[in-house]
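Visitor: To be precise about what I am sending: the file is called work-v6.cif and holds mmCIF, N, CA and C atoms.
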```cif
data_upload
loop_
_atom_site.group_PDB
_atom_site.id
_atom_site.type_symbol
_atom_site.label_atom_id
_atom_site.label_comp_id
_atom_site.auth_asym_id
_atom_site.auth_seq_id
_atom_site.Cartn_x
_atom_site.Cartn_y
_atom_site.Cartn_z
ATOM 1 N N MET U 279 16.655 186.222 159.789
ATOM 2 C CA MET U 279 15.283 186.651 159.969
ATOM 3 C C MET U 279 14.380 185.424 160.060
ATOM 4 N N ASN U 280 13.273 185.552 160.746
ATOM 5 C CA ASN U 280 12.336 184.458 160.896
ATOM 6 C C ASN U 280 11.214 184.600 159.873
ATOM 7 N N PHE U 281 11.195 183.695 158.916
ATOM 8 C CA PHE U 281 10.186 183.720 157.865
ATOM 9 C C PHE U 281 9.097 182.677 158.087
ATOM 10 N N LYS U 282 9.079 182.069 159.274
ATOM 11 C CA LYS U 282 8.135 180.993 159.557
ATOM 12 C C LYS U 282 6.688 181.430 159.330
ATOM 13 N N GLY U 283 6.352 182.650 159.693
ATOM 14 C CA GLY U 283 4.988 183.136 159.527
ATOM 15 C C GLY U 283 4.553 183.261 158.080
ATOM 16 N N THR U 284 5.481 183.313 157.154
ATOM 17 C CA THR U 284 5.144 183.417 155.733
ATOM 18 C C THR U 284 4.991 182.057 155.074
ATOM 19 N N LEU U 285 5.413 180.997 155.740
ATOM 20 C CA LEU U 285 5.424 179.677 155.119
ATOM 21 C C LEU U 285 4.055 179.218 154.623
ATOM 22 N N PRO U 286 2.974 179.339 155.387
ATOM 23 C CA PRO U 286 1.684 178.885 154.854
ATOM 24 C C PRO U 286 1.316 179.543 153.526
ATOM 25 N N THR U 287 1.534 180.841 153.410
ATOM 26 C CA THR U 287 1.219 181.538 152.165
ATOM 27 C C THR U 287 2.121 181.060 151.033
ATOM 28 N N LEU U 288 3.386 180.810 151.324
ATOM 29 C CA LEU U 288 4.313 180.328 150.297
ATOM 30 C C LEU U 288 3.937 178.919 149.838
ATOM 31 N N ILE U 289 3.479 178.087 150.758
ATOM 32 C CA ILE U 289 3.027 176.741 150.386
ATOM 33 C C ILE U 289 1.808 176.837 149.479
ATOM 34 N N LEU U 290 0.852 177.672 149.850
ATOM 35 C CA LEU U 290 -0.338 177.826 149.017
ATOM 36 C C LEU U 290 0.042 178.310 147.617
ATOM 37 N N GLU U 291 0.968 179.240 147.542
ATOM 38 C CA GLU U 291 1.412 179.737 146.233
ATOM 39 C C GLU U 291 2.064 178.621 145.425
ATOM 40 N N ALA U 292 2.864 177.795 146.090
ATOM 41 C CA ALA U 292 3.555 176.703 145.397
ATOM 42 C C ALA U 292 2.574 175.683 144.825
ATOM 43 N N LEU U 293 1.395 175.595 145.410
ATOM 44 C CA LEU U 293 0.402 174.613 144.968
ATOM 45 C C LEU U 293 -0.674 175.200 144.056
ATOM 46 N N LEU U 294 -0.567 176.461 143.700
ATOM 47 C CA LEU U 294 -1.602 177.105 142.882
ATOM 48 C C LEU U 294 -1.806 176.410 141.538
ATOM 49 N N HIS U 295 -0.740 175.930 140.920
ATOM 50 C CA HIS U 295 -0.841 175.428 139.553
ATOM 51 C C HIS U 295 -0.874 173.915 139.446
ATOM 52 N N GLU U 296 -0.316 173.231 140.439
ATOM 53 C CA GLU U 296 -0.332 171.770 140.386
ATOM 54 C C GLU U 296 -0.028 171.184 141.764
ATOM 55 N N PRO U 297 -0.570 169.994 142.028
ATOM 56 C CA PRO U 297 -0.252 169.311 143.289
ATOM 57 C C PRO U 297 1.223 168.937 143.318
ATOM 58 N N ASP U 298 1.743 168.757 144.519
ATOM 59 C CA ASP U 298 3.144 168.356 144.645
ATOM 60 C C ASP U 298 3.378 167.742 146.011
ATOM 61 N N HIS U 299 4.543 167.108 146.165
ATOM 62 C CA HIS U 299 4.899 166.530 147.460
ATOM 63 C C HIS U 299 5.794 167.496 148.226
ATOM 64 N N GLY U 300 5.915 167.261 149.525
ATOM 65 C CA GLY U 300 6.579 168.192 150.423
ATOM 66 C C GLY U 300 7.976 168.598 150.019
ATOM 67 N N TYR U 301 8.807 167.621 149.662
ATOM 68 C CA TYR U 301 10.188 167.947 149.310
ATOM 69 C C TYR U 301 10.237 168.911 148.130
ATOM 70 N N ARG U 302 9.414 168.648 147.128
ATOM 71 C CA ARG U 302 9.436 169.511 145.950
ATOM 72 C C ARG U 302 8.845 170.891 146.251
ATOM 73 N N ILE U 303 7.877 170.966 147.141
ATOM 74 C CA ILE U 303 7.340 172.271 147.558
ATOM 75 C C ILE U 303 8.464 173.091 148.177
ATOM 76 N N ALA U 304 9.221 172.476 149.092
ATOM 77 C CA ALA U 304 10.341 173.171 149.744
ATOM 78 C C ALA U 304 11.391 173.594 148.727
ATOM 79 N N GLN U 305 11.692 172.717 147.772
ATOM 80 C CA GLN U 305 12.689 173.041 146.743
ATOM 81 C C GLN U 305 12.224 174.196 145.873
ATOM 82 N N ARG U 306 10.949 174.199 145.531
ATOM 83 C CA ARG U 306 10.412 175.276 144.690
ATOM 84 C C ARG U 306 10.532 176.626 145.403
ATOM 85 N N ILE U 307 10.188 176.657 146.695
ATOM 86 C CA ILE U 307 10.298 177.892 147.469
ATOM 87 C C ILE U 307 11.758 178.342 147.540
ATOM 88 N N LYS U 308 12.644 177.409 147.798
ATOM 89 C CA LYS U 308 14.070 177.733 147.888
ATOM 90 C C LYS U 308 14.593 178.278 146.559
ATOM 91 N N GLU U 309 14.254 177.615 145.462
ATOM 92 C CA GLU U 309 14.725 178.053 144.144
ATOM 93 C C GLU U 309 14.184 179.430 143.783
ATOM 94 N N ARG U 310 12.883 179.643 144.009
ATOM 95 C CA ARG U 310 12.272 180.916 143.633
ATOM 96 C C ARG U 310 12.783 182.072 144.477
ATOM 97 N N SER U 311 13.247 181.760 145.714
ATOM 98 C CA SER U 311 13.798 182.814 146.584
ATOM 99 C C SER U 311 15.309 182.934 146.436
ATOM 100 N N LYS U 312 15.860 182.215 145.455
ATOM 101 C CA LYS U 312 17.305 182.215 145.209
ATOM 102 C C LYS U 312 18.085 181.788 146.453
ATOM 103 N N GLY U 313 17.520 180.813 147.174
ATOM 104 C CA GLY U 313 18.192 180.228 148.325
ATOM 105 C C GLY U 313 17.980 180.933 149.650
ATOM 106 N N VAL U 314 17.296 182.062 149.636
ATOM 107 C CA VAL U 314 17.086 182.814 150.874
ATOM 108 C C VAL U 314 16.146 182.063 151.814
ATOM 109 N N LEU U 315 15.093 181.486 151.263
ATOM 110 C CA LEU U 315 14.106 180.765 152.071
ATOM 111 C C LEU U 315 14.346 179.267 151.914
ATOM 112 N N ASP U 316 14.818 178.644 152.966
ATOM 113 C CA ASP U 316 15.152 177.216 152.936
ATOM 114 C C ASP U 316 14.512 176.553 154.141
ATOM 115 N N PHE U 317 13.272 176.092 153.963
ATOM 116 C CA PHE U 317 12.523 175.493 155.062
ATOM 117 C C PHE U 317 12.846 174.015 155.175
ATOM 118 N N LYS U 318 13.193 173.585 156.349
ATOM 119 C CA LYS U 318 13.533 172.190 156.619
ATOM 120 C C LYS U 318 12.272 171.398 156.950
ATOM 121 N N GLU U 319 12.401 170.071 156.948
ATOM 122 C CA GLU U 319 11.263 169.185 157.214
ATOM 123 C C GLU U 319 10.565 169.505 158.523
ATOM 124 N N GLY U 320 11.326 169.845 159.550
ATOM 125 C CA GLY U 320 10.756 170.120 160.858
ATOM 126 C C GLY U 320 9.849 171.335 160.881
ATOM 127 N N THR U 321 9.980 172.188 159.890
ATOM 128 C CA THR U 321 9.118 173.364 159.751
ATOM 129 C C THR U 321 8.050 173.137 158.694
ATOM 130 N N LEU U 322 8.446 172.516 157.579
ATOM 131 C CA LEU U 322 7.549 172.348 156.442
ATOM 132 C C LEU U 322 6.371 171.427 156.742
ATOM 133 N N TYR U 323 6.639 170.233 157.262
ATOM 134 C CA TYR U 323 5.559 169.261 157.419
ATOM 135 C C TYR U 323 4.521 169.662 158.465
ATOM 136 N N PRO U 324 4.916 170.253 159.587
ATOM 137 C CA PRO U 324 3.872 170.758 160.489
ATOM 138 C C PRO U 324 2.991 171.819 159.818
ATOM 139 N N ALA U 325 3.588 172.667 158.974
ATOM 140 C CA ALA U 325 2.805 173.685 158.261
ATOM 141 C C ALA U 325 1.847 173.029 157.262
ATOM 142 N N LEU U 326 2.318 171.997 156.564
ATOM 143 C CA LEU U 326 1.443 171.274 155.635
ATOM 144 C C LEU U 326 0.272 170.634 156.382
ATOM 145 N N HIS U 327 0.557 169.997 157.515
ATOM 146 C CA HIS U 327 -0.505 169.354 158.296
ATOM 147 C C HIS U 327 -1.508 170.379 158.822
ATOM 148 N N LYS U 328 -1.008 171.533 159.255
ATOM 149 C CA LYS U 328 -1.899 172.591 159.752
ATOM 150 C C LYS U 328 -2.811 173.096 158.629
ATOM 151 N N LEU U 329 -2.242 173.334 157.452
ATOM 152 C CA LEU U 329 -3.038 173.783 156.311
ATOM 153 C C LEU U 329 -4.087 172.742 155.932
ATOM 154 N N GLU U 330 -3.711 171.474 156.025
ATOM 155 C CA GLU U 330 -4.664 170.415 155.705
ATOM 156 C C GLU U 330 -5.788 170.374 156.743
ATOM 157 N N ASN U 331 -5.435 170.492 158.015
ATOM 158 C CA ASN U 331 -6.443 170.504 159.080
ATOM 159 C C ASN U 331 -7.395 171.687 158.948
ATOM 160 N N GLU U 332 -6.908 172.794 158.398
ATOM 161 C CA GLU U 332 -7.731 173.983 158.199
ATOM 162 C C GLU U 332 -8.557 173.918 156.911
ATOM 163 N N GLY U 333 -8.349 172.863 156.117
ATOM 164 C CA GLY U 333 -9.096 172.699 154.876
ATOM 165 C C GLY U 333 -8.577 173.534 153.718
ATOM 166 N N LEU U 334 -7.359 174.054 153.844
ATOM 167 C CA LEU U 334 -6.803 174.901 152.792
ATOM 168 C C LEU U 334 -6.053 174.094 151.736
ATOM 169 N N ILE U 335 -5.603 172.900 152.116
ATOM 170 C CA ILE U 335 -5.010 171.953 151.180
ATOM 171 C C ILE U 335 -5.566 170.577 151.529
ATOM 172 N N GLU U 336 -5.408 169.645 150.599
ATOM 173 C CA GLU U 336 -5.766 168.256 150.861
ATOM 174 C C GLU U 336 -4.646 167.380 150.336
ATOM 175 N N SER U 337 -4.537 166.177 150.881
ATOM 176 C CA SER U 337 -3.452 165.297 150.479
ATOM 177 C C SER U 337 -3.996 163.986 149.945
ATOM 178 N N TYR U 338 -3.146 163.310 149.187
ATOM 179 C CA TYR U 338 -3.478 161.992 148.656
ATOM 180 C C TYR U 338 -2.176 161.244 148.410
ATOM 181 N N GLU U 339 -2.283 159.935 148.333
ATOM 182 C CA GLU U 339 -1.116 159.100 148.100
ATOM 183 C C GLU U 339 -0.828 159.007 146.610
ATOM 184 N N GLY U 340 0.442 159.002 146.271
ATOM 185 C CA GLY U 340 0.867 158.822 144.889
ATOM 186 C C GLY U 340 2.195 158.090 144.877
ATOM 187 N N VAL U 341 2.675 157.777 143.691
ATOM 188 C CA VAL U 341 3.957 157.090 143.545
ATOM 189 C C VAL U 341 4.789 157.874 142.541
ATOM 190 N N GLU U 342 6.045 158.087 142.882
ATOM 191 C CA GLU U 342 6.985 158.745 141.973
ATOM 192 C C GLU U 342 8.264 157.927 141.941
ATOM 193 N N LYS U 343 8.654 157.494 140.748
ATOM 194 C CA LYS U 343 9.855 156.672 140.576
ATOM 195 C C LYS U 343 9.823 155.461 141.509
ATOM 196 N N GLY U 344 8.661 154.849 141.604
ATOM 197 C CA GLY U 344 8.504 153.653 142.415
ATOM 198 C C GLY U 344 8.410 153.883 143.914
ATOM 199 N N ARG U 345 8.464 155.133 144.328
ATOM 200 C CA ARG U 345 8.404 155.483 145.750
ATOM 201 C C ARG U 345 7.057 156.080 146.109
ATOM 202 N N PRO U 346 6.470 155.617 147.208
ATOM 203 C CA PRO U 346 5.215 156.248 147.626
ATOM 204 C C PRO U 346 5.474 157.674 148.117
ATOM 205 N N ARG U 347 4.596 158.554 147.745
ATOM 206 C CA ARG U 347 4.695 159.970 148.146
ATOM 207 C C ARG U 347 3.327 160.463 148.587
ATOM 208 N N ARG U 348 3.329 161.443 149.479
ATOM 209 C CA ARG U 348 2.089 162.121 149.837
ATOM 210 C C ARG U 348 2.085 163.442 149.074
ATOM 211 N N TYR U 349 1.088 163.597 148.236
ATOM 212 C CA TYR U 349 0.939 164.811 147.447
ATOM 213 C C TYR U 349 -0.094 165.722 148.090
ATOM 214 N N TYR U 350 0.091 167.011 147.862
ATOM 215 C CA TYR U 350 -0.809 168.020 148.405
ATOM 216 C C TYR U 350 -1.347 168.854 147.261
ATOM 217 N N ARG U 351 -2.614 169.249 147.389
ATOM 218 C CA ARG U 351 -3.214 170.156 146.407
ATOM 219 C C ARG U 351 -4.027 171.207 147.155
ATOM 220 N N ILE U 352 -4.077 172.379 146.574
ATOM 221 C CA ILE U 352 -4.793 173.495 147.184
ATOM 222 C C ILE U 352 -6.301 173.310 146.971
ATOM 223 N N THR U 353 -7.087 173.718 147.946
ATOM 224 C CA THR U 353 -8.545 173.644 147.854
ATOM 225 C C THR U 353 -9.093 175.019 147.440
ATOM 226 N N ARG U 354 -10.388 175.071 147.208
ATOM 227 C CA ARG U 354 -11.030 176.347 146.879
ATOM 228 C C ARG U 354 -10.829 177.353 148.016
ATOM 229 N N ASP U 355 -11.013 176.888 149.265
ATOM 230 C CA ASP U 355 -10.783 177.776 150.418
ATOM 231 C C ASP U 355 -9.321 178.207 150.488
ATOM 232 N N GLY U 356 -8.420 177.318 150.109
ATOM 233 C CA GLY U 356 -7.000 177.656 150.082
ATOM 234 C C GLY U 356 -6.702 178.759 149.083
ATOM 235 N N ARG U 357 -7.348 178.706 147.932
ATOM 236 C CA ARG U 357 -7.153 179.757 146.922
ATOM 237 C C ARG U 357 -7.656 181.108 147.429
ATOM 238 N N LYS U 358 -8.810 181.091 148.088
ATOM 239 C CA LYS U 358 -9.356 182.333 148.648
ATOM 240 C C LYS U 358 -8.413 182.898 149.713
ATOM 241 N N THR U 359 -7.933 182.018 150.585
ATOM 242 C CA THR U 359 -7.011 182.442 151.640
ATOM 243 C C THR U 359 -5.725 182.993 151.043
ATOM 244 N N PHE U 360 -5.205 182.332 150.009
ATOM 245 C CA PHE U 360 -3.985 182.817 149.360
ATOM 246 C C PHE U 360 -4.184 184.220 148.801
ATOM 247 N N THR U 361 -5.285 184.449 148.139
ATOM 248 C CA THR U 361 -5.553 185.767 147.551
ATOM 249 C C THR U 361 -5.575 186.845 148.628
ATOM 250 N N LYS U 362 -6.236 186.547 149.745
ATOM 251 C CA LYS U 362 -6.307 187.499 150.857
ATOM 252 C C LYS U 362 -4.921 187.715 151.477
ATOM 253 N N ASP U 363 -4.192 186.619 151.720
ATOM 254 C CA ASP U 363 -2.866 186.718 152.333
ATOM 255 C C ASP U 363 -1.887 187.486 151.442
ATOM 256 N N ARG U 364 -1.960 187.243 150.138
ATOM 257 C CA ARG U 364 -1.059 187.940 149.211
ATOM 258 C C ARG U 364 -1.319 189.444 149.258
ATOM 259 N N ALA U 365 -2.576 189.846 149.280
ATOM 260 C CA ALA U 365 -2.912 191.274 149.344
ATOM 261 C C ALA U 365 -2.405 191.882 150.645
ATOM 262 N N GLU U 366 -2.587 191.173 151.756
ATOM 263 C CA GLU U 366 -2.101 191.673 153.051
ATOM 264 C C GLU U 366 -0.579 191.778 153.057
ATOM 265 N N TRP U 367 0.101 190.789 152.473
ATOM 266 C CA TRP U 367 1.563 190.808 152.432
ATOM 267 C C TRP U 367 2.058 191.992 151.611
ATOM 268 N N ARG U 368 1.423 192.246 150.469
ATOM 269 C CA ARG U 368 1.843 193.370 149.621
ATOM 270 C C ARG U 368 1.672 194.699 150.353
ATOM 271 N N GLU U 369 0.588 194.839 151.087
ATOM 272 C CA GLU U 369 0.356 196.063 151.860
ATOM 273 C C GLU U 369 1.416 196.216 152.953
ATOM 274 N N LEU U 370 1.682 195.162 153.675
ATOM 275 C CA LEU U 370 2.697 195.183 154.731
ATOM 276 C C LEU U 370 4.076 195.473 154.155
ATOM 277 N N SER U 371 4.406 194.835 153.059
ATOM 278 C CA SER U 371 5.703 195.027 152.413
ATOM 279 C C SER U 371 5.907 196.472 151.978
ATOM 280 N N ARG U 372 4.868 197.058 151.392
ATOM 281 C CA ARG U 372 4.967 198.485 150.992
ATOM 282 C C ARG U 372 5.198 199.381 152.184
ATOM 283 N N ALA U 373 4.493 199.116 153.287
ATOM 284 C CA ALA U 373 4.624 199.943 154.486
ATOM 285 C C ALA U 373 6.019 199.841 155.061
ATOM 286 N N VAL U 374 6.562 198.633 155.139
ATOM 287 C CA VAL U 374 7.909 198.444 155.705
ATOM 288 C C VAL U 374 8.935 199.114 154.798
ATOM 289 N N THR U 375 8.764 198.996 153.492
ATOM 290 C CA THR U 375 9.689 199.625 152.558
ATOM 291 C C THR U 375 9.700 201.145 152.749
ATOM 292 N N VAL U 376 8.541 201.738 152.920
ATOM 293 C CA VAL U 376 8.457 203.193 153.146
ATOM 294 C C VAL U 376 9.150 203.559 154.455
ATOM 295 N N ILE U 377 8.887 202.783 155.506
ATOM 296 C CA ILE U 377 9.490 203.078 156.809
ATOM 297 C C ILE U 377 11.013 202.991 156.741
ATOM 298 N N LEU U 378 11.515 202.021 155.994
ATOM 299 C CA LEU U 378 12.963 201.842 155.896
ATOM 300 C C LEU U 378 13.604 202.828 154.915
ATOM 301 N N GLY U 379 12.782 203.670 154.318
ATOM 302 C CA GLY U 379 13.319 204.728 153.451
ATOM 303 C C GLY U 379 13.736 204.264 152.077
ATOM 304 N N GLU U 380 13.157 203.162 151.628
ATOM 305 C CA GLU U 380 13.537 202.660 150.318
ATOM 306 C C GLU U 380 12.397 202.777 149.313
ATOM 307 N N GLY U 381 11.310 203.456 149.682
ATOM 308 C CA GLY U 381 10.144 203.540 148.807
ATOM 309 C C GLY U 381 10.023 204.837 148.090
#
```
Would you kindly transcribe this structure into structure tokens?
Guide:
Amino acid sequence: MNFKGTLPTLILEALLHEPDHGYRIAQRIKERSKGVLDFKEGTLYPALHKLENEGLIESYEGVEKGRPRRYYRITRDGRKTFTKDRAEWRELSRAVTVILGEG
């Protein structure tokens, strides 16, 4: 299945509580989905850049274990967008579940 359209919302959710760098954002999504969602760099970083260009996240330079990293944090607009997207996803999910006869 193609989950690319859900990636921006998943990134925003991953950043709700603390800033993080791209690799760890991807790992968090993968772990929380029990391995079902495994976004590679070629998908993740364009999504991060798009969210940043839209003002939903912002980035800054940091260092971890002596290595420079680009960290991302959610903005106020990002939090608002996440809340709206989560509500829309829940509505869509309920509808699909009913259609598939599992509701």
Visitor: Name all residues at most 8 Å from Leu290 of chain U (count all atoms listed in the file; drop same-chain ones fewer than 2 positions away) and give them as a ChimeraX atom specification.
Guide: /U:284-288,292-295,334-335,351-353,356-357,359-360
Visitor: At a cut-off of 6.5 Å, using only N, CA and C atoms, what residues contact Tyr350 of chain U? Leave out same-chain residues fewer than 6 positions from it and give the result as a JSON list (two decimals) with N, CA and C atoms, in the frame of the given file.
Guide:
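Wrote it out as out_17.json, contents follow:
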```json
[["chain", "number", "residue", "atom", "x", "y", "z"],
["U", 293, "LEU", "N", 1.40, 175.60, 145.41],
["U", 293, "LEU", "CA", 0.40, 174.61, 144.97],
["U", 293, "LEU", "C", -0.67, 175.20, 144.06],
["U", 296, "GLU", "N", -0.32, 173.23, 140.44],
["U", 296, "GLU", "CA", -0.33, 171.77, 140.39],
["U", 296, "GLU", "C", -0.03, 171.18, 141.76],
["U", 297, "PRO", "N", -0.57, 169.99, 142.03],
["U", 297, "PRO", "CA", -0.25, 169.31, 143.29],
["U", 297, "PRO", "C", 1.22, 168.94, 143.32],
["U", 298, "ASP", "N", 1.74, 168.76, 144.52],
["U", 298, "ASP", "CA", 3.14, 168.36, 144.65],
["U", 298, "ASP", "C", 3.38, 167.74, 146.01],
["U", 299, "HIS", "N", 4.54, 167.11, 146.16],
["U", 299, "HIS", "CA", 4.90, 166.53, 147.46],
["U", 299, "HIS", "C", 5.79, 167.50, 148.23],
["U", 300, "GLY", "N", 5.92, 167.26, 149.52],
["U", 300, "GLY", "CA", 6.58, 168.19, 150.42],
["U", 300, "GLY", "C", 7.98, 168.60, 150.02],
["U", 335, "ILE", "N", -5.60, 172.90, 152.12],
["U", 335, "ILE", "CA", -5.01, 171.95, 151.18],
["U", 335, "ILE", "C", -5.57, 170.58, 151.53],
["U", 336, "GLU", "N", -5.41, 169.64, 150.60],
["U", 336, "GLU", "CA", -5.77, 168.26, 150.86],
["U", 336, "GLU", "C", -4.65, 167.38, 150.34],
["U", 337, "SER", "N", -4.54, 166.18, 150.88],
["U", 337, "SER", "CA", -3.45, 165.30, 150.48],
["U", 337, "SER", "C", -4.00, 163.99, 149.94],
["U", 338, "TYR", "N", -3.15, 163.31, 149.19],
["U", 338, "TYR", "CA", -3.48, 161.99, 148.66],
["U", 338, "TYR", "C", -2.18, 161.24, 148.41]]
```
Visitor: In Å, rounded to a single decimal, give me how far atom CA of Ile303 of chain U is from atom N of Gly340 of chain U.
Guide: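 Separation of atom N of Gly340 of chain U and atom CA of Ile303 of chain U: 15.0 Å.
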Visitor: Please return, as a list in words, all residues of chain U that DSSP assigns to strand (DSSP E or B) on the basis of the backbone.
Guide: Asp298, His299, Ile335, Glu336, Ser337, Tyr338, Glu339, Gly340, Val341, Glu342, Arg345, Pro346, Arg347, Arg348, Tyr349, Tyr350, Arg351 and Ile352 of chain U
Visitor: Taking all atoms of segment 354-359 of chain U that the file lists, what box with edges along x, y and z, padded by 4 Å per side, do you get, with centre and edge lengths in Å to one decimal, as lines of an AutoDock Vina configuration file?
Guide:
```
center_x = -8.4
center_y = 179.0
center_z = 149.3
size_x = 13.3
size_y = 15.9
size_z = 12.8
```
